[in-house]
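**Student:** Supplied structure: work.cif, mmCIF, C-alpha atoms and all ligand atoms.
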```cif
data_run
loop_
_atom_site.label_atom_id
_atom_site.label_comp_id
_atom_site.auth_asym_id
_atom_site.auth_seq_id
_atom_site.Cartn_x
_atom_site.Cartn_y
_atom_site.Cartn_z
CA MET H 1 55.89 86.37 79.57
CA ARG H 2 58.69 86.89 77.04
CA VAL H 3 61.84 88.43 78.51
CA ALA H 4 64.99 89.44 76.62
CA THR H 5 68.21 89.28 78.62
CA LEU H 6 71.22 91.37 77.76
CA GLY H 7 74.26 90.67 79.95
CA GLY H 8 76.36 93.39 78.34
CA ASP H 9 79.89 94.07 79.55
CA GLY H 10 82.21 93.46 82.51
CA ILE H 11 80.32 92.03 85.47
CA GLY H 12 77.01 92.43 83.60
CA PRO H 13 76.86 88.85 82.24
CA GLU H 14 77.92 87.44 85.64
CA VAL H 15 75.13 89.15 87.60
CA VAL H 16 72.51 88.57 84.89
CA ARG H 17 73.31 84.84 84.93
CA GLU H 18 72.36 84.72 88.62
CA ALA H 19 69.25 86.85 88.08
CA VAL H 20 68.19 84.49 85.29
CA ALA H 21 68.65 81.45 87.57
CA VAL H 22 66.42 83.17 90.14
CA LEU H 23 63.80 83.98 87.49
CA GLU H 24 63.80 80.39 86.26
CA ARG H 25 63.39 79.03 89.79
CA VAL H 26 60.61 81.40 90.77
CA ALA H 27 58.83 80.80 87.45
CA SER H 28 58.82 77.05 88.11
CA ILE H 29 57.56 77.53 91.69
CA TYR H 30 54.70 79.83 90.64
CA GLY H 31 53.99 78.23 87.26
CA LEU H 32 54.77 81.41 85.32
CA PRO H 33 54.94 81.04 81.52
CA LEU H 34 58.41 82.61 81.39
CA GLU H 35 60.39 82.52 78.13
CA LEU H 36 63.92 83.92 78.22
CA HIS H 37 65.94 84.93 75.19
CA ALA H 38 69.56 86.15 75.41
CA LEU H 39 70.75 89.02 73.18
CA PRO H 40 74.46 89.41 72.36
CA TRP H 41 74.51 93.24 72.34
CA GLY H 42 77.55 94.70 74.09
CA ALA H 43 81.23 95.55 73.68
CA ASP H 44 82.40 92.13 72.39
CA HIS H 45 79.64 92.06 69.79
CA TYR H 46 80.39 95.63 68.71
CA LEU H 47 84.14 94.97 68.42
CA ALA H 48 83.51 91.80 66.41
CA THR H 49 80.79 93.11 64.07
CA GLY H 50 80.86 96.92 64.17
CA VAL H 51 77.18 96.81 65.12
CA THR H 52 75.93 98.24 68.42
CA VAL H 53 72.19 97.72 67.87
CA PRO H 54 70.85 95.96 64.75
CA ALA H 55 68.74 98.12 62.44
CA ASP H 56 65.43 96.73 63.67
CA GLY H 57 66.66 96.18 67.26
CA PHE H 58 64.45 98.47 69.32
CA ALA H 59 61.32 97.77 67.25
CA MET H 60 62.06 94.03 67.69
CA LEU H 61 62.25 94.46 71.50
CA ALA H 62 58.92 96.29 71.55
CA ARG H 63 57.28 93.77 69.23
CA GLU H 64 58.60 90.48 70.57
CA PHE H 65 59.23 91.00 74.30
CA ASP H 66 57.30 92.02 77.38
CA ALA H 67 60.41 93.15 79.25
CA VAL H 68 64.20 93.35 79.04
CA LEU H 69 66.72 92.49 81.78
CA THR H 70 70.07 94.25 81.28
CA GLY H 71 73.40 93.78 83.12
CA ALA H 72 75.62 96.79 82.45
CA LEU H 73 77.35 98.44 79.52
CA GLY H 74 80.75 100.09 79.45
CA ASP H 75 84.11 98.74 78.35
CA PRO H 76 87.60 100.25 78.53
CA ARG H 77 88.36 98.99 75.00
CA ILE H 78 85.78 101.46 73.71
CA PRO H 79 86.88 104.72 75.39
CA ASP H 80 83.96 106.83 74.14
CA ASN H 81 81.50 104.07 75.16
CA ARG H 82 79.48 104.67 72.03
CA HIS H 83 78.00 101.18 72.20
CA ALA H 84 76.73 101.89 75.73
CA ARG H 85 75.09 105.09 74.57
CA ASP H 86 73.53 103.35 71.57
CA ILE H 87 72.27 100.35 73.56
CA LEU H 88 71.40 101.67 77.02
CA LEU H 89 70.46 105.28 76.32
CA GLY H 90 69.04 104.00 73.02
CA MET H 91 66.60 101.68 74.81
CA ARG H 92 65.53 104.47 77.17
CA ALA H 93 64.93 106.90 74.29
CA GLU H 94 63.62 104.59 71.54
CA LEU H 95 61.29 102.60 73.81
CA ASP H 96 60.32 105.94 75.44
CA LEU H 97 61.07 104.58 78.92
CA TYR H 98 60.39 107.88 80.63
CA VAL H 99 60.24 106.60 84.22
CA ASN H 100 63.48 105.58 85.85
CA TYR H 101 62.21 103.85 88.99
CA ARG H 102 64.92 103.43 91.64
CA PRO H 103 63.73 102.12 95.02
CA ILE H 104 66.14 102.80 97.90
CA ARG H 105 65.52 100.24 100.62
CA LEU H 106 67.94 99.23 103.36
CA LEU H 107 67.56 95.53 104.18
CA ASP H 108 69.78 95.35 107.25
CA ALA H 109 71.23 98.03 109.58
CA ARG H 110 74.67 96.43 109.21
CA LEU H 111 74.77 97.52 105.57
CA CYS H 112 74.10 101.21 106.18
CA PRO H 113 77.12 103.54 106.25
CA LEU H 114 75.19 105.98 108.51
CA ARG H 115 75.66 105.52 112.24
CA GLY H 116 72.58 104.29 114.08
CA ARG H 117 70.26 104.03 111.05
CA GLY H 118 68.21 100.98 110.18
CA PRO H 119 65.68 99.76 107.62
CA ALA H 120 62.98 102.13 108.98
CA ASP H 121 65.17 105.13 108.14
CA VAL H 122 66.00 104.22 104.54
CA ASP H 123 62.90 103.33 102.54
CA PHE H 124 62.04 105.63 99.66
CA VAL H 125 61.80 105.76 95.89
CA VAL H 126 63.51 108.03 93.39
CA PHE H 127 61.79 108.74 90.09
CA ARG H 128 64.32 110.00 87.61
CA GLU H 129 63.13 111.57 84.35
CA ASN H 130 64.70 109.23 81.80
CA THR H 131 64.31 110.64 78.28
CA GLU H 132 65.37 114.28 78.26
CA GLY H 133 67.36 116.82 80.29
CA LEU H 134 71.09 116.85 79.58
CA TYR H 135 70.92 113.27 78.26
CA VAL H 136 69.38 114.45 74.99
CA ASN H 137 73.01 115.31 74.21
CA ALA H 138 72.13 118.48 72.29
CA GLY H 139 75.03 120.82 71.62
CA GLY H 140 78.38 120.79 69.93
CA ARG H 141 82.00 121.83 70.02
CA LEU H 142 83.52 124.79 68.19
CA ARG H 143 87.25 124.70 67.39
CA PRO H 144 87.74 121.38 69.24
CA GLY H 145 91.25 120.62 70.45
CA THR H 146 92.36 124.28 70.46
CA GLU H 147 92.66 126.81 73.27
CA ASP H 148 89.69 128.58 71.68
CA GLU H 149 87.42 125.58 72.12
CA VAL H 150 83.82 126.25 73.11
CA ALA H 151 81.69 123.26 74.17
CA ILE H 152 77.92 123.59 74.47
CA GLN H 153 75.72 120.98 76.20
CA GLU H 154 72.07 121.97 76.26
CA GLU H 155 69.50 120.73 78.76
CA ILE H 156 66.11 120.01 77.24
CA ASN H 157 63.01 120.18 79.43
CA THR H 158 59.58 119.89 77.84
CA TRP H 159 56.21 120.38 79.51
CA LYS H 160 55.14 116.91 78.39
CA GLY H 161 58.34 115.29 79.61
CA VAL H 162 58.29 116.97 83.02
CA HIS H 163 54.56 116.56 83.44
CA ARG H 164 54.48 112.81 82.84
CA ILE H 165 57.25 111.99 85.33
CA VAL H 166 55.88 114.32 88.03
CA ARG H 167 52.39 112.88 87.51
CA HIS H 168 53.83 109.35 87.76
CA ALA H 169 55.51 110.20 91.08
CA PHE H 170 52.25 111.45 92.61
CA GLU H 171 50.25 108.52 91.24
CA PHE H 172 52.78 106.09 92.68
CA ALA H 173 52.67 107.85 96.07
CA ARG H 174 48.89 107.66 96.17
CA ALA H 175 48.75 104.02 95.03
CA ARG H 176 51.39 102.88 97.56
CA GLY H 177 50.17 104.95 100.52
CA ARG H 178 53.26 107.17 100.51
CA ARG H 179 52.45 110.59 101.94
CA ARG H 180 55.30 112.84 100.79
CA VAL H 181 56.67 113.79 97.37
CA VAL H 182 59.81 115.91 97.05
CA MET H 183 60.69 117.52 93.72
CA SER H 184 64.33 118.46 93.41
CA ASP H 185 65.86 120.89 90.91
CA LYS H 186 68.31 123.78 90.71
CA SER H 187 65.83 126.51 89.82
CA ASN H 188 67.75 129.13 91.79
CA ALA H 189 70.51 128.97 89.17
CA LEU H 190 68.90 127.35 86.10
CA THR H 191 66.08 129.83 85.74
CA HIS H 192 64.69 128.67 82.40
CA GLY H 193 64.50 124.89 82.39
CA HIS H 194 63.97 124.42 86.08
CA ALA H 195 61.31 127.16 86.23
CA LEU H 196 59.32 124.72 84.12
CA TRP H 197 59.81 122.00 86.77
CA GLN H 198 58.59 124.45 89.42
CA ARG H 199 55.47 125.33 87.44
CA VAL H 200 54.57 121.73 86.59
CA PHE H 201 55.18 120.53 90.15
CA ARG H 202 52.83 123.19 91.57
CA GLU H 203 50.15 122.38 88.98
CA VAL H 204 50.28 118.61 89.47
CA ALA H 205 50.57 118.79 93.28
CA ALA H 206 47.27 120.69 93.38
CA ASP H 207 45.53 117.50 92.19
CA TYR H 208 46.89 115.55 95.20
CA PRO H 209 45.81 117.43 98.35
CA ASP H 210 46.28 114.18 100.31
CA ILE H 211 50.01 114.19 99.57
CA GLU H 212 52.56 116.61 101.03
CA ALA H 213 54.45 118.26 98.14
CA ARG H 214 57.80 119.80 98.97
CA HIS H 215 60.62 121.29 96.94
CA LEU H 216 64.34 120.91 97.67
CA TYR H 217 67.22 122.32 95.68
CA VAL H 218 69.40 119.39 94.65
CA ASP H 219 72.34 120.45 96.84
CA ALA H 220 70.06 120.39 99.88
CA LEU H 221 68.65 117.04 98.73
CA ALA H 222 72.19 115.62 98.64
CA TYR H 223 72.72 116.92 102.19
CA PHE H 224 69.50 115.50 103.62
CA LEU H 225 69.93 112.13 101.90
CA VAL H 226 72.96 111.61 104.10
CA THR H 227 71.90 113.43 107.30
CA ASP H 228 68.23 112.43 107.49
CA PRO H 229 67.06 109.94 104.84
CA ALA H 230 64.00 108.97 106.91
CA GLN H 231 62.15 112.10 105.76
CA PHE H 232 61.82 110.80 102.19
CA ASP H 233 59.00 108.76 100.66
CA VAL H 234 59.12 109.70 96.97
CA VAL H 235 61.66 111.93 95.22
CA VAL H 236 61.21 113.12 91.63
CA THR H 237 63.98 114.83 89.71
CA ASN H 238 65.59 115.29 86.33
CA ASN H 239 67.76 112.86 84.43
CA LEU H 240 71.24 113.94 85.58
CA PHE H 241 70.37 114.73 89.19
CA GLY H 242 68.54 111.40 89.38
CA ASP H 243 71.62 109.58 88.14
CA ILE H 244 73.78 111.16 90.81
CA VAL H 245 71.46 110.94 93.80
CA THR H 246 70.65 107.29 93.14
CA ASP H 247 74.33 106.39 93.58
CA VAL H 248 74.04 108.11 96.99
CA GLY H 249 70.91 106.02 97.47
CA ALA H 250 72.87 102.89 96.55
CA ALA H 251 75.41 103.74 99.24
CA LEU H 252 72.60 104.04 101.82
CA GLN H 253 71.51 100.48 100.92
CA GLY H 254 74.94 98.94 101.33
CA GLY H 255 76.59 99.81 98.04
CA LEU H 256 76.15 99.75 94.30
CA GLY H 257 75.87 95.97 94.35
CA MET H 258 72.50 96.25 96.14
CA ALA H 259 70.65 98.82 94.04
CA ALA H 260 67.92 97.91 91.53
CA SER H 261 66.06 99.88 88.89
CA GLY H 262 63.33 99.80 86.29
CA ASN H 263 63.19 101.89 83.13
CA LEU H 264 59.47 102.02 82.50
CA HIS H 265 56.85 103.13 80.08
CA PRO H 266 53.75 101.84 81.84
CA GLY H 267 51.93 99.36 79.62
CA ARG H 268 54.80 98.90 77.19
CA THR H 269 57.98 96.80 76.99
CA SER H 270 60.13 98.07 79.86
CA MET H 271 63.75 97.46 80.84
CA PHE H 272 65.21 96.46 84.21
CA GLU H 273 68.84 96.75 85.31
CA PRO H 274 70.98 97.08 88.40
CA VAL H 275 72.07 100.68 89.10
CA HIS H 276 75.75 99.74 89.00
CA GLY H 277 78.01 99.69 85.96
CA SER H 278 80.25 97.07 84.40
CA ALA H 279 82.94 97.42 87.14
CA PRO H 280 85.84 96.37 84.85
CA PRO H 281 88.27 95.57 87.71
CA LEU H 282 85.81 93.01 89.13
CA ALA H 283 84.93 91.38 85.79
CA GLY H 284 85.71 87.68 85.61
CA THR H 285 86.68 87.43 89.29
CA ASN H 286 83.38 85.97 90.58
CA ALA H 287 83.25 88.85 93.07
CA ALA H 288 80.33 90.98 91.88
CA ASN H 289 77.27 91.16 94.10
CA PRO H 290 74.30 89.79 92.12
CA ILE H 291 71.63 91.28 94.43
CA GLY H 292 71.11 94.51 92.42
CA ALA H 293 70.43 92.41 89.33
CA VAL H 294 68.22 89.94 91.23
CA LEU H 295 66.14 92.74 92.78
CA SER H 296 65.83 94.30 89.31
CA ALA H 297 64.41 90.97 88.13
CA ALA H 298 61.90 91.23 91.00
CA LEU H 299 60.86 94.67 89.73
CA LEU H 300 60.46 93.09 86.29
CA LEU H 301 58.15 90.39 87.68
CA GLU H 302 56.15 93.00 89.57
CA SER H 303 55.70 95.10 86.43
CA LEU H 304 54.39 92.06 84.54
CA GLY H 305 51.82 91.43 87.25
CA ALA H 306 53.61 88.50 88.93
CA THR H 307 53.42 90.21 92.31
CA GLU H 308 53.63 87.06 94.47
CA ALA H 309 56.71 85.85 92.61
CA ALA H 310 58.28 89.31 92.92
CA ALA H 311 57.63 89.37 96.66
CA ALA H 312 59.12 85.87 97.00
CA VAL H 313 62.34 87.00 95.30
CA GLU H 314 62.55 89.98 97.65
CA ARG H 315 62.01 87.72 100.66
CA ALA H 316 64.69 85.33 99.43
CA VAL H 317 67.15 88.23 99.11
CA ALA H 318 66.25 89.45 102.61
CA THR H 319 66.85 85.90 103.90
CA VAL H 320 70.38 85.58 102.46
CA VAL H 321 71.28 89.10 103.61
CA ALA H 322 70.15 88.30 107.17
CA ALA H 323 72.12 85.03 107.07
CA GLY H 324 75.25 86.71 105.70
CA GLN H 325 75.23 84.42 102.64
CA VAL H 326 76.48 87.25 100.45
CA THR H 327 79.46 88.63 98.56
CA ARG H 328 82.45 90.45 100.08
CA ASP H 329 81.29 94.00 99.24
CA ILE H 330 78.57 93.60 101.87
CA GLY H 331 80.58 91.66 104.40
CA GLY H 332 80.16 88.08 103.23
CA THR H 333 82.63 85.55 101.89
CA LEU H 334 80.77 84.16 98.88
CA GLY H 335 81.46 84.57 95.19
CA THR H 336 78.88 85.78 92.66
CA ARG H 337 77.81 82.24 91.71
CA GLU H 338 77.57 81.02 95.30
CA ALA H 339 75.64 84.13 96.40
CA GLY H 340 73.23 83.63 93.49
CA ALA H 341 72.81 79.95 94.40
CA ALA H 342 72.04 80.92 98.00
CA ILE H 343 69.16 83.10 96.76
CA VAL H 344 67.84 80.24 94.61
CA ASP H 345 68.03 77.90 97.62
CA ALA H 346 66.27 80.44 99.85
CA LEU H 347 63.49 80.68 97.26
CA SER H 348 63.02 76.94 97.24
CA GLU H 349 62.77 76.86 101.05
CA LEU H 350 60.27 79.73 101.41
P1 LIG S 1 80.60 100.92 88.53
O1 LIG S 1 79.21 100.92 89.07
O2 LIG S 1 80.88 99.92 87.46
O3 LIG S 1 81.62 100.70 89.72
C1 LIG S 1 81.77 101.65 90.79
C2 LIG S 1 82.25 100.93 92.06
O4 LIG S 1 81.22 100.08 92.57
C3 LIG S 1 83.46 100.05 91.83
O5 LIG S 1 84.31 100.15 92.95
C4 LIG S 1 82.88 98.66 91.76
O6 LIG S 1 83.78 97.69 92.14
C5 LIG S 1 81.67 98.75 92.70
N1 LIG S 1 80.58 97.88 92.24
C6 LIG S 1 79.73 98.12 91.22
N2 LIG S 1 78.88 97.09 91.04
C7 LIG S 1 79.20 96.18 91.99
C8 LIG S 1 78.69 94.88 92.30
N3 LIG S 1 77.65 94.33 91.64
N4 LIG S 1 79.25 94.21 93.32
C9 LIG S 1 80.27 94.73 94.03
N5 LIG S 1 80.81 95.96 93.76
C10 LIG S 1 80.27 96.67 92.75
O7 LIG S 1 80.89 102.41 88.01
P2 LIG S 1 82.11 103.00 87.14
O8 LIG S 1 83.38 102.36 87.55
O9 LIG S 1 81.97 104.45 87.21
O10 LIG S 1 81.78 102.56 85.65
C11 LIG S 1 82.33 101.43 84.95
C12 LIG S 1 81.71 101.37 83.58
O11 LIG S 1 80.31 101.06 83.68
C13 LIG S 1 81.80 102.67 82.79
O12 LIG S 1 82.01 102.35 81.45
C14 LIG S 1 80.42 103.29 82.97
O13 LIG S 1 80.06 104.16 81.93
C15 LIG S 1 79.55 102.06 82.98
N6 LIG S 1 78.26 102.19 83.68
C16 LIG S 1 77.20 101.53 83.14
C17 LIG S 1 75.99 101.54 83.78
C18 LIG S 1 74.85 100.79 83.17
O14 LIG S 1 75.02 100.04 82.23
N7 LIG S 1 73.64 100.93 83.66
C19 LIG S 1 75.84 102.20 85.00
C20 LIG S 1 76.94 102.86 85.54
C21 LIG S 1 78.15 102.85 84.88
C1 LIG S 2 72.98 104.68 85.10
C2 LIG S 2 74.29 104.91 84.36
C3 LIG S 2 74.07 105.52 82.99
C4 LIG S 2 73.38 106.87 83.20
C5 LIG S 2 75.36 105.70 82.17
C6 LIG S 2 76.05 104.38 81.92
C7 LIG S 2 75.13 106.41 80.85
O1 LIG S 2 75.15 105.67 85.15
O2 LIG S 2 72.11 103.98 84.56
O3 LIG S 2 72.82 105.16 86.23
O4 LIG S 2 74.04 107.90 83.40
O5 LIG S 2 72.16 106.89 83.13
MN MN S 3 74.44 106.00 87.19
#
```
Before anything else, please render the file you have as C-alpha cells.

**Tutor:**
Amino acid sequence: MRVATLGGDGIGPEVVREAVAVLERVASIYGLPLELHALPWGADHYLATGVTVPADGFAMLAREFDAVLTGALGDPRIPDNRHARDILLGMRAELDLYVNYRPIRLLDARLCPLRGRGPADVDFVVFRENTEGLYVNAGGRLRPGTEDEVAIQEEINTWKGVHRIVRHAFEFARARGRRRVVMSDKSNALTHGHALWQRVFREVAADYPDIEARHLYVDALAYFLVTDPAQFDVVVTNNLFGDIVTDVGAALQGGLGMAASGNLHPGRTSMFEPVHGSAPPLAGTNAANPIGAVLSAALLLESLGATEAAAAVERAVATVVAAGQVTRDIGGTLGTREAGAAIVDALSEL
C-alpha cells in the first residue's frame, strides 16, 4: 500500500499532516502495510526550482504508488496559479482520473446551515466528470488587452467521457443500494454539448430499470440542494457544474473544512483531496479544519480495499464531531493539530 502525499500550499501541508497521522495510526491498528512518501510539489518548490511537475512525474505516480493524498494548491505569489493547474489538473488529466467522487454527508444537525435539517436529510454523492468539459481549457484570446478583445473558452464533451461517468454513477447507485440518480446539465441553453449528456443519460438509464433516473437543469439543482437536499441519492454532472455544486454540498455538511473527495480511475492510481483550497489567510495559524483531509484519507483506504480501516476513521471523525473536539469553523475551540490529535485518540479508543 504505497501512498504519495503532497501537502501543497497554504493550509494544505497542515491538514495533510493530520491526515497522515490518522493513516499511520489506523495502519498500525489494522496491520496495514502502509508506506508513505512525501512529494515537494507546490508553490515553494516551483518558486525555488522553476519546476511544477518533474518530467517523469505523472508516470512515476502511476508506476510507484497505489494512491496519492493531496492537500491543496494555490498561492497568491503565483497569480495565474500555473503550478496548481500543472499539478492538480495535471494529475486529473494525465492519470485519467475521470471520476470526481464527492460524498455529501452531514454528521451532526448542529453543523447544517438549513433550519430543522439533520443527518437523514443530507446524505448523497456527487459524481463530477473530471477530465473534460470547460476544464480542457480549449480556446484562445484575440487582440488581448484591447477593447477589441475576443476570448473563446470551448467546452468539450465526448461520448466516451460522458458515458463513463454516467455509467459509473449508475453502477455506484446499484452497488450501494441508492435508488435515485439525477443528471444535471444546462441543455435548454447549451444545445450541442449538453444534448449529448441528455442522449447518453437516457441510453445508460435504460440499463438500470431498478433505479429512478431524473434530469434537473443545474439552476434547479442549485435551488433544490438548498430547499430540499433529502431528495438526492446520486447526482452526476459535468466538470464545472460539479465544482460549483460541491461547494454548496460542503456548506450543507458544515463548511469547506468538512468536505472530502476522491479523483478516481477505478483500478488505477487515484488521488484523494479535501474539497477546499489553500485558504491563504488561514495558512500557518493552526486554524484549518483537518476533517476534510482526514475523510479524504478514509476514501483512499476504502478505494484500496481497507474498508474496516476506512470505516474506523469515519467513526473516529463522527466521535470528535459529536464531542465538539473540533476547530472553530465548526464551533469548537481546537487548533488544527489538536483536532487531528483528537481524531487519532478517538481511533485508539474505538
Ligand atoms: P478556499 O477553499 O481556500 O477557502 C474558501 C473559504 O473556506 C475561506 O473562508 C476559508 O477560510 C474557508 N476554508 C477552506 N478550507 C478550510 C478549512 N480546512 N478549515 C476552515 N476553513 C476553511 O477557497 P478560495 O479562497 O477560493 O481559494 C484559495 C486558493 O486555493 C486559490 O488559489 C484556489 O485556486 C485554490 N483552490 C485549490 C483547491 C485544490 O487544490 N483542490 C480547491 C479550491 C481552491
Ligand atoms: C476543486 C478546485 C479546483 C477545481 C481548482 C483549484 C482548479 O476548485 O478541486 O474543487 O476547479 O477543480
Ligand atoms: Mn472547487

**Student:** Residues near His265 of chain H, anyone? I mean within 8 Å using only C-alpha atoms, not counting same-chain ones fewer than 4 positions away, as a list in words.

**Tutor:** Leu95, Asp96, Leu97, Tyr98, Val99, Thr269 and Ser270 of chain H

**Student:** Interatomic distance between atom CA of Arg167 of chain H and atom CA of Leu216 of chain H?

**Tutor:** 17.6 Å

**Student:** Residues of chain H that approach ligand LIG 2 (chain S) to 9 Å or less, counting all atoms listed in the file: could you list each one with the shortest pair of atoms and its distance in Å to one decimal, rows by chain and increasing residue number, as a tab-separated table?

**Tutor:**
```
residue	atom	partner	partner_atom	distance
H:Ala72	CA	S:LIG2	C6	7.6
H:Leu73	CA	S:LIG2	C6	6.5
H:Gly74	CA	S:LIG2	C6	6.8
H:Asn81	CA	S:LIG2	C6	8.7
H:Ala84	CA	S:LIG2	C6	6.7
H:Arg85	CA	S:LIG2	C7	6.4
H:Leu88	CA	S:LIG2	C7	7.1
H:Leu89	CA	S:LIG2	C7	6.6
H:Asn100	CA	S:LIG2	O2	8.9
H:Asn130	CA	S:LIG2	O5	7.9
H:Tyr135	CA	S:LIG2	O4	8.1
H:Asn239	CA	S:LIG2	O5	7.5
H:Leu240	CA	S:LIG2	O4	7.0
H:Gly242	CA	S:LIG2	O3	8.2
H:Asp243	CA	S:LIG2	O3	5.0
H:Ile244	CA	S:LIG2	O3	7.6
H:Thr246	CA	S:LIG2	O3	7.5
H:Asp247	CA	S:LIG2	O3	7.6
H:Ser261	CA	S:LIG2	O2	8.5
H:Glu273	CA	S:LIG2	O2	8.0
H:Pro274	CA	S:LIG2	O2	8.0
H:Val275	CA	S:LIG2	O3	5.4
H:His276	CA	S:LIG2	O3	6.8
H:Gly277	CA	S:LIG2	C6	6.5
H:Ser278	CA	S:LIG2	C6	8.8
```

**Student:** Within 9 Å of Ala342 of chain H, counting only C-alpha atoms, which residues qualify if same-chain residues fewer than 6 places away don't, as a ChimeraX atom specification?

**Tutor:** /H:316-317,320,325-326

**Student:** Can you tell me, as a ChimeraX atom specification, what residues are no more than 12 Å from Leu300 of chain H when counting only C-alpha atoms, ignoring any on the same chain fewer than 2 positions away?

**Tutor:** /H:1-5,19-20,23,34,66-70,101,260-264,266,269-274,293-298,302-307,309-311,313-314

**Student:** Quick one: of H:Leu47, H:Val182, H:Val218, H:Leu334, who's nearest to Ala205 of chain H, counting all atoms listed in the file?

**Tutor:**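 Closest to Ala205 of chain H, using all atoms listed in the file: H:Val182.
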
**Student:** Counting all atoms listed in the file, figure out which residue out of H:Gly7, H:Gly177, H:Gly116, H:Gly292 gets nearest to His37 of chain H.

**Tutor:**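 For His37 of chain H, the nearest of the candidates is H:Gly7.
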